[in-house]
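Data block for model_1.csv (CSV, C-alpha atoms):
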```csv
chain,number,residue,atom,x,y,z
A,1,GLY,CA,29.7,-6.2,-0.9
A,2,ALA,CA,27.1,-3.6,0.0
A,3,GLY,CA,24.1,-5.9,0.1
A,4,VAL,CA,23.0,-9.4,1.2
A,5,SER,CA,24.7,-12.0,-0.9
A,6,GLN,CA,23.3,-15.5,-1.4
A,7,THR,CA,25.1,-18.4,-3.0
A,8,PRO,CA,24.5,-20.3,-5.1
A,9,SER,CA,21.9,-18.4,-7.1
A,10,ASN,CA,20.5,-21.6,-8.5
A,11,LYS,CA,20.8,-25.1,-7.2
A,12,VAL,CA,19.4,-28.3,-8.8
A,13,THR,CA,19.6,-31.4,-6.7
A,14,GLU,CA,18.2,-34.9,-6.8
A,15,LYS,CA,15.6,-36.1,-4.4
A,16,GLY,CA,17.2,-37.4,-1.2
A,17,LYS,CA,20.4,-35.4,-1.5
A,18,TYR,CA,21.7,-32.9,1.1
A,19,VAL,CA,22.1,-29.2,0.2
A,20,GLU,CA,23.6,-26.2,1.8
A,21,LEU,CA,22.6,-22.6,1.0
A,22,ARG,CA,24.8,-19.7,2.1
A,23,CYS,CA,24.0,-16.2,3.1
A,24,ASP,CA,26.4,-13.3,3.6
A,25,PRO,CA,24.6,-10.5,5.4
A,26,ILE,CA,25.4,-6.8,5.4
A,27,SER,CA,28.5,-6.2,7.5
A,28,GLY,CA,27.5,-5.3,11.0
A,29,HIS,CA,24.0,-6.6,10.9
A,30,THR,CA,23.3,-8.8,13.9
A,31,ALA,CA,19.8,-9.9,12.9
A,32,LEU,CA,19.5,-12.5,10.1
A,33,TYR,CA,16.4,-14.1,8.7
A,34,TRP,CA,15.7,-17.1,6.4
A,35,TYR,CA,12.5,-17.3,4.3
A,36,ARG,CA,11.3,-19.5,1.5
A,37,GLN,CA,9.0,-18.4,-1.2
A,38,SER,CA,6.9,-20.6,-3.6
A,39,LEU,CA,5.7,-19.3,-6.9
A,40,GLY,CA,2.8,-16.8,-6.5
A,41,GLN,CA,3.1,-16.7,-2.7
A,42,GLY,CA,4.6,-14.4,-0.1
A,43,PRO,CA,7.8,-15.2,1.7
A,44,GLU,CA,7.3,-17.8,4.4
A,45,PHE,CA,9.4,-17.3,7.6
A,46,LEU,CA,11.8,-20.1,8.5
A,47,ILE,CA,14.2,-18.9,11.2
A,48,TYR,CA,15.6,-15.8,12.8
A,49,PHE,CA,19.1,-15.3,14.3
A,50,GLN,CA,20.2,-12.6,16.7
A,51,GLY,CA,24.0,-12.9,16.6
A,52,THR,CA,25.0,-16.5,16.7
A,53,GLY,CA,21.9,-18.0,18.3
A,54,ALA,CA,18.7,-18.9,16.6
A,55,ALA,CA,16.2,-16.8,18.5
A,56,ASP,CA,13.2,-18.1,16.7
A,57,ASP,CA,13.2,-21.3,14.6
A,58,SER,CA,9.4,-21.9,14.7
A,59,GLY,CA,9.1,-21.7,10.9
A,60,LEU,CA,11.4,-24.6,10.1
A,61,PRO,CA,9.0,-27.1,8.6
A,62,ASN,CA,10.6,-30.3,10.0
A,63,ASP,CA,13.9,-31.7,11.3
A,64,ARG,CA,15.3,-32.0,7.8
A,65,PHE,CA,15.9,-28.3,7.9
A,66,PHE,CA,18.7,-26.7,10.0
A,67,ALA,CA,20.5,-23.4,10.0
A,68,VAL,CA,23.7,-22.2,11.6
A,69,ARG,CA,25.5,-18.9,12.1
A,70,PRO,CA,28.6,-19.9,14.0
A,71,GLU,CA,30.4,-16.5,14.0
A,72,GLY,CA,27.4,-14.2,13.9
A,73,SER,CA,27.9,-13.2,10.3
A,74,VAL,CA,27.6,-15.8,7.5
A,75,SER,CA,24.7,-18.2,7.8
A,76,THR,CA,24.1,-21.6,6.2
A,77,LEU,CA,20.7,-23.2,5.7
A,78,LYS,CA,21.0,-27.0,5.5
A,79,ILE,CA,18.4,-29.3,4.1
A,80,GLN,CA,18.8,-33.1,4.5
A,81,ARG,CA,17.1,-35.8,2.4
A,82,THR,CA,15.6,-33.2,0.0
A,83,GLU,CA,12.1,-33.7,-1.3
A,84,ARG,CA,10.4,-32.3,-4.4
A,85,GLY,CA,8.2,-30.1,-2.1
A,86,ASP,CA,11.3,-28.3,-0.9
A,87,SER,CA,11.7,-26.7,-4.3
A,88,ALA,CA,11.3,-22.9,-3.8
A,89,VAL,CA,13.3,-19.7,-3.7
A,90,TYR,CA,15.2,-19.4,-0.4
A,91,LEU,CA,15.6,-15.8,0.7
A,92,CYS,CA,17.9,-14.4,3.3
A,93,ALA,CA,17.6,-11.0,5.0
A,94,SER,CA,19.6,-9.0,7.5
A,95,SER,CA,18.9,-6.0,9.6
A,96,PRO,CA,20.8,-3.9,12.2
A,97,GLY,CA,21.2,-4.9,15.8
A,98,GLY,CA,18.3,-5.9,18.0
A,99,GLY,CA,16.2,-6.8,15.0
A,100,ASP,CA,15.4,-3.2,14.5
A,101,THR,CA,13.6,-2.9,11.2
A,102,THR,CA,13.0,0.8,11.3
A,103,ARG,CA,14.5,1.1,7.9
A,104,GLY,CA,13.5,-2.4,6.9
A,105,ALA,CA,15.2,-5.7,6.6
A,106,PHE,CA,17.5,-6.0,3.5
A,107,PHE,CA,16.9,-9.1,1.4
A,108,GLY,CA,19.3,-11.0,-0.9
A,109,GLN,CA,18.4,-12.1,-4.4
A,110,GLY,CA,17.6,-15.6,-3.1
A,111,THR,CA,18.7,-19.1,-4.0
A,112,ARG,CA,16.3,-21.0,-6.4
A,113,LEU,CA,16.3,-24.6,-5.3
A,114,THR,CA,14.9,-27.3,-7.6
A,115,VAL,CA,14.6,-30.8,-6.4
A,116,VAL,CA,14.2,-33.3,-9.2
B,1,LEU,CA,1.0,-11.2,15.4
B,2,ALA,CA,-1.7,-9.2,13.6
B,3,LYS,CA,-3.0,-10.6,10.4
B,4,THR,CA,-3.2,-8.4,7.3
B,5,THR,CA,-5.6,-8.4,4.4
B,6,GLN,CA,-4.9,-6.8,1.1
B,7,PRO,CA,-6.4,-7.0,-2.4
B,8,ILE,CA,-4.9,-9.8,-4.5
B,9,SER,CA,-4.3,-7.6,-7.5
B,10,MET,CA,-4.8,-4.1,-8.9
B,11,ASP,CA,-4.4,-2.6,-12.3
B,12,SER,CA,-3.4,1.0,-13.1
B,13,TYR,CA,-2.0,3.1,-15.9
B,14,GLU,CA,1.2,5.1,-16.2
B,15,GLY,CA,1.0,8.5,-14.6
B,16,GLN,CA,-1.9,7.6,-12.2
B,17,GLU,CA,-1.8,7.6,-8.5
B,18,VAL,CA,-2.3,4.2,-6.9
B,19,ASN,CA,-3.6,3.5,-3.5
B,20,ILE,CA,-3.3,0.1,-1.9
B,21,THR,CA,-5.3,-0.4,1.3
B,22,CYS,CA,-4.4,-3.0,3.9
B,23,SER,CA,-6.6,-4.1,6.8
B,24,HIS,CA,-5.1,-5.1,10.2
B,25,ASN,CA,-8.0,-5.1,12.6
B,26,ASN,CA,-6.0,-6.7,15.4
B,27,ILE,CA,-3.0,-4.4,15.4
B,28,ALA,CA,-1.3,-4.1,18.8
B,29,THR,CA,-0.4,-0.9,20.5
B,30,ASN,CA,3.3,-1.3,19.9
B,31,ASP,CA,3.0,-2.5,16.3
B,32,TYR,CA,4.3,-0.5,13.3
B,33,ILE,CA,3.0,-0.9,9.7
B,34,THR,CA,5.6,-1.6,7.1
B,35,TRP,CA,5.3,-2.0,3.3
B,36,TYR,CA,7.7,-3.9,1.1
B,37,GLN,CA,7.9,-4.1,-2.7
B,38,GLN,CA,9.0,-7.2,-4.6
B,39,PHE,CA,10.0,-7.5,-8.3
B,40,PRO,CA,10.2,-10.8,-10.1
B,41,SER,CA,13.4,-12.8,-9.2
B,42,GLN,CA,14.4,-10.4,-6.5
B,43,GLY,CA,14.0,-10.3,-2.7
B,44,PRO,CA,11.5,-7.9,-1.1
B,45,ARG,CA,12.6,-4.3,-0.7
B,46,PHE,CA,11.5,-2.0,2.1
B,47,ILE,CA,9.4,1.0,1.0
B,48,ILE,CA,8.0,2.8,4.0
B,49,GLN,CA,7.1,2.3,7.7
B,50,GLY,CA,4.7,4.3,9.9
B,51,TYR,CA,2.9,4.2,13.2
B,52,LYS,CA,0.1,6.7,12.8
B,53,THR,CA,-1.1,9.6,10.7
B,54,LYS,CA,1.0,10.2,7.6
B,55,VAL,CA,4.5,9.3,6.5
B,56,THR,CA,6.1,10.4,3.2
B,57,ASN,CA,9.4,9.6,1.6
B,58,GLU,CA,10.8,9.8,-1.8
B,59,VAL,CA,9.0,6.7,-3.0
B,60,ALA,CA,5.6,6.7,-1.4
B,61,SER,CA,3.2,8.0,1.2
B,62,LEU,CA,1.6,5.9,4.0
B,63,PHE,CA,-1.7,7.0,5.5
B,64,ILE,CA,-2.8,5.6,8.8
B,65,PRO,CA,-6.2,6.5,10.3
B,66,ALA,CA,-6.6,7.2,14.0
B,67,ASP,CA,-7.9,3.7,14.8
B,68,ARG,CA,-4.9,2.1,13.0
B,69,LYS,CA,-7.0,-0.8,11.8
B,70,SER,CA,-6.1,-0.1,8.2
B,71,SER,CA,-3.4,1.7,6.2
B,72,THR,CA,-3.1,2.9,2.7
B,73,LEU,CA,0.1,2.9,0.6
B,74,SER,CA,0.0,5.7,-2.0
B,75,LEU,CA,2.2,5.6,-5.0
B,76,PRO,CA,2.2,8.9,-6.9
B,77,ARG,CA,2.3,8.9,-10.7
B,78,VAL,CA,3.2,5.3,-11.2
B,79,SER,CA,5.3,4.1,-14.1
B,80,LEU,CA,5.7,0.7,-15.7
B,81,SER,CA,8.6,0.0,-13.4
B,82,ASP,CA,6.3,0.1,-10.4
B,83,THR,CA,4.8,-3.2,-11.6
B,84,ALA,CA,5.5,-5.5,-8.6
B,85,VAL,CA,4.0,-7.2,-5.6
B,86,TYR,CA,3.4,-5.0,-2.6
B,87,TYR,CA,3.3,-6.5,0.9
B,88,CYS,CA,1.8,-4.9,4.1
B,89,LEU,CA,3.3,-6.2,7.3
B,90,VAL,CA,2.5,-5.4,10.9
B,91,GLY,CA,4.8,-5.8,13.9
B,92,LEU,CA,7.3,-4.3,16.2
B,93,SER,CA,9.8,-1.7,14.9
B,94,GLY,CA,12.5,-2.1,17.5
B,95,GLY,CA,13.4,-5.4,19.0
B,96,TYR,CA,12.6,-8.6,17.2
B,97,ASN,CA,10.2,-8.4,14.3
B,98,LYS,CA,9.3,-11.7,12.8
B,99,LEU,CA,8.2,-10.0,9.4
B,100,ILE,CA,5.2,-12.2,8.5
B,101,PHE,CA,4.3,-11.7,4.9
B,102,GLY,CA,0.9,-12.4,3.4
B,103,ALA,CA,0.2,-13.0,-0.2
B,104,GLY,CA,0.6,-9.3,-1.1
B,105,THR,CA,-1.0,-7.2,-3.8
B,106,ARG,CA,0.1,-7.7,-7.4
B,107,LEU,CA,0.1,-4.3,-9.1
B,108,ALA,CA,0.2,-4.2,-12.9
B,109,VAL,CA,0.9,-0.8,-14.5
B,110,HIS,CA,-0.1,-0.5,-18.1
B,111,PRO,CA,1.1,1.9,-20.8
```
Show me this structure written as structure tokens.
Amino acid sequence: GAGVSQTPSNKVTEKGKYVELRCDPISGHTALYWYRQSLGQGPEFLIYFQGTGAADDSGLPNDRFFAVRPEGSVSTLKIQRTERGDSAVYLCASSPGGGDTTRGAFFGQGTRLTVV
Amino acid sequence: LAKTTQPISMDSYEGQEVNITCSHNNIATNDYITWYQQFPSQGPRFIIQGYKTKVTNEVASLFIPADRKSSTLSLPRVSLSDTAVYYCLVGLSGGYNKLIFGAGTRLAVHP
């Protein structure tokens, strides 16, 4: 596809369960970002990948959150032992090599996670 | 990373020009100013980026004074479809840019 694709678009899970959220960035983009957004607030930075490596994971709230990008394209955000406070929209973005955002980072539609 | 301050909300009417000002007093020499737009249930979308003076594209204009401690996003002749949240970000253009979002400005355009 032409844009950043995130799946699933919606996910409802029970408290304590494990979830995986997937992001397919724009082909050729080496930089990939994960954010989460709560209602009425701006996106909150979680983690940034440059290629396969996590260059900055300072936004991950705790060790229940983990993200991978094994081949430098698709990324998966993994949340263990989900809590109700994890409910939010999780956004993924990608941008061209070197994290260059001269024309901006391109965001997906997000995955709405609801923990019940 | 420089912190930005924007109005929480603004109201306008169709056909008017809207100016949204962002303060970034601690902007660094190498920082650029970037604006994003976000509609409900969508991810943010890049609008415009600048370093100094004025930048214009097909969507908006960005005015940056000489001291670069503020910037103004100008939307000409808004329509109902411009109702959205607008975010001002400050950071590097090339290299790694962490893209730190604030709360943004919620613009409501009325008929």
For this session: Using all atoms listed in the file, find which residues of chain B lie within 10 Å of chain A and jot them down as number ranges by chain.
Result: B: 32, 34-36, 38, 41-50, 85-87, 91-106
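Residues of protein, DNA and RNA with at least one atom no farther than 8 Å from (25.2, -4.9, 12.4) are, using only C-alpha atoms, Ile26, Ser27, Gly28, His29, Thr30, Ala31, Ser95, Pro96 and Gly97 of chain A.
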Exercise. Of the candidates B:Leu62, B:Met10, B:Ala84, B:Val90, which shows the shortest atom-to-atom distance to Thr29 in chain B, using all atoms listed in the file?
Worked result: B:Val90
Exercise. Please, what distance in Å, to one decimal, runs between CA of Ser87 in chain A and CA of Ile8 in chain B?
Worked result: 23.7 Å
Seminar exercise, completed: Of A:Ala54, A:Leu39, A:Val115, A:Val19, the one nearest to Ile79 in chain A when counting only C-alpha atoms is A:Val19
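Taking CA of Thr7 in chain A as the reference point, CA of Leu77 in chain A is found at 10.9 Å.
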Exercise. Which polymer residues, protein or nucleic acid, are no farther than 10 Å from (6.1, 3.6, -11.7), counting all atoms listed in the file, as a list in words?
Worked result: Ser12, Tyr13, Glu14, Gly15, Gln16, Glu17, Val18, Val59, Leu75, Pro76, Arg77, Val78, Ser79, Leu80, Ser81, Asp82, Thr83, Ala84, Ala108, Val109 and His110 of chain B
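Distances to Ser71 in chain B were evaluated for B:Ser9, B:His24, B:Asn57, B:Asp31 using all atoms listed in the file, and the minimum falls at B:His24.
Here CA of Gly51 in chain A stands at a distance of 25.4 Å from CA of Tyr18 in chain A.
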For this session: Would you kindly return, as number ranges by chain, each protein, DNA or RNA residue with an atom no farther than 7 Å from any atom of range 63-69 of chain A, considering all atoms listed in the file and excluding same-chain residues fewer than 3 positions away?
Result: A: 52, 60, 72-81
Hey, could you patch up range 9-41 of chain B with N, CA and C atoms and hand it over as a short mmCIF file (atom, residue, chain, number, x, y, z; two decimals), in the coordinates of the input?
```cif
data_model
loop_
_atom_site.label_atom_id
_atom_site.label_comp_id
_atom_site.auth_asym_id
_atom_site.auth_seq_id
_atom_site.Cartn_x
_atom_site.Cartn_y
_atom_site.Cartn_z
N SER B 9 -4.95 -8.28 -6.34
CA SER B 9 -4.30 -7.60 -7.50
C SER B 9 -5.00 -6.28 -7.77
N MET B 10 -4.26 -5.43 -8.48
CA MET B 10 -4.80 -4.10 -8.90
C MET B 10 -4.14 -3.81 -10.26
N ASP B 11 -4.87 -3.03 -11.03
CA ASP B 11 -4.40 -2.60 -12.30
C ASP B 11 -4.39 -1.04 -12.34
N SER B 12 -3.41 -0.45 -13.00
CA SER B 12 -3.40 1.00 -13.10
C SER B 12 -2.69 1.34 -14.46
N TYR B 13 -2.63 2.63 -14.74
CA TYR B 13 -2.00 3.10 -15.90
C TYR B 13 -0.88 4.11 -15.57
N GLU B 14 0.05 4.21 -16.44
CA GLU B 14 1.20 5.10 -16.20
C GLU B 14 0.67 6.53 -15.88
N GLY B 15 1.30 7.16 -14.91
CA GLY B 15 1.00 8.50 -14.60
C GLY B 15 -0.14 8.67 -13.52
N GLN B 16 -0.83 7.56 -13.23
CA GLN B 16 -1.90 7.60 -12.20
C GLN B 16 -1.36 7.45 -10.83
N GLU B 17 -2.15 7.88 -9.86
CA GLU B 17 -1.80 7.60 -8.50
C GLU B 17 -2.50 6.28 -8.08
N VAL B 18 -1.76 5.46 -7.37
CA VAL B 18 -2.30 4.20 -6.90
C VAL B 18 -2.34 4.12 -5.43
N ASN B 19 -3.47 3.69 -4.91
CA ASN B 19 -3.60 3.50 -3.50
C ASN B 19 -3.95 2.07 -3.15
N ILE B 20 -3.14 1.46 -2.33
CA ILE B 20 -3.30 0.10 -1.90
C ILE B 20 -3.66 0.07 -0.44
N THR B 21 -4.83 -0.45 -0.10
CA THR B 21 -5.30 -0.40 1.30
C THR B 21 -5.06 -1.81 1.93
N CYS B 22 -4.62 -1.79 3.17
CA CYS B 22 -4.40 -3.00 3.90
C CYS B 22 -5.20 -2.94 5.23
N SER B 23 -5.88 -4.03 5.55
CA SER B 23 -6.60 -4.10 6.80
C SER B 23 -5.84 -4.88 7.84
N HIS B 24 -5.80 -4.36 9.04
CA HIS B 24 -5.10 -5.10 10.20
C HIS B 24 -5.90 -4.76 11.43
N ASN B 25 -7.05 -5.40 11.55
CA ASN B 25 -8.00 -5.10 12.60
C ASN B 25 -7.44 -5.39 14.02
N ASN B 26 -6.52 -6.34 14.12
CA ASN B 26 -6.00 -6.70 15.40
C ASN B 26 -4.63 -6.17 15.74
N ILE B 27 -4.32 -5.04 15.15
CA ILE B 27 -3.00 -4.40 15.40
C ILE B 27 -2.81 -4.11 16.85
N ALA B 28 -1.62 -4.40 17.36
CA ALA B 28 -1.30 -4.10 18.80
C ALA B 28 -0.78 -2.73 18.96
N THR B 29 -0.83 -2.26 20.19
CA THR B 29 -0.40 -0.90 20.50
C THR B 29 0.99 -0.58 20.04
N ASN B 30 1.89 -1.56 20.19
CA ASN B 30 3.30 -1.30 19.90
C ASN B 30 3.66 -1.64 18.42
N ASP B 31 2.69 -2.08 17.65
CA ASP B 31 3.00 -2.50 16.30
C ASP B 31 3.15 -1.31 15.34
N TYR B 32 4.09 -1.46 14.41
CA TYR B 32 4.30 -0.50 13.30
C TYR B 32 3.72 -1.20 12.03
N ILE B 33 3.49 -0.39 11.01
CA ILE B 33 3.00 -0.90 9.70
C ILE B 33 4.13 -0.63 8.71
N THR B 34 4.51 -1.68 8.01
CA THR B 34 5.60 -1.60 7.10
C THR B 34 5.19 -2.16 5.72
N TRP B 35 5.64 -1.54 4.68
CA TRP B 35 5.30 -2.00 3.30
C TRP B 35 6.64 -2.36 2.61
N TYR B 36 6.56 -3.48 1.88
CA TYR B 36 7.70 -3.90 1.10
C TYR B 36 7.20 -4.08 -0.39
N GLN B 37 8.15 -3.99 -1.30
CA GLN B 37 7.90 -4.10 -2.70
C GLN B 37 8.78 -5.28 -3.23
N GLN B 38 8.23 -6.11 -4.10
CA GLN B 38 9.00 -7.20 -4.60
C GLN B 38 8.85 -7.31 -6.15
N PHE B 39 9.98 -7.25 -6.86
CA PHE B 39 10.00 -7.50 -8.30
C PHE B 39 10.29 -8.94 -8.55
N PRO B 40 9.90 -9.43 -9.73
CA PRO B 40 10.20 -10.80 -10.10
C PRO B 40 11.68 -11.14 -9.95
N SER B 41 11.98 -12.29 -9.39
CA SER B 41 13.40 -12.80 -9.20
C SER B 41 14.23 -11.92 -8.34
#
```
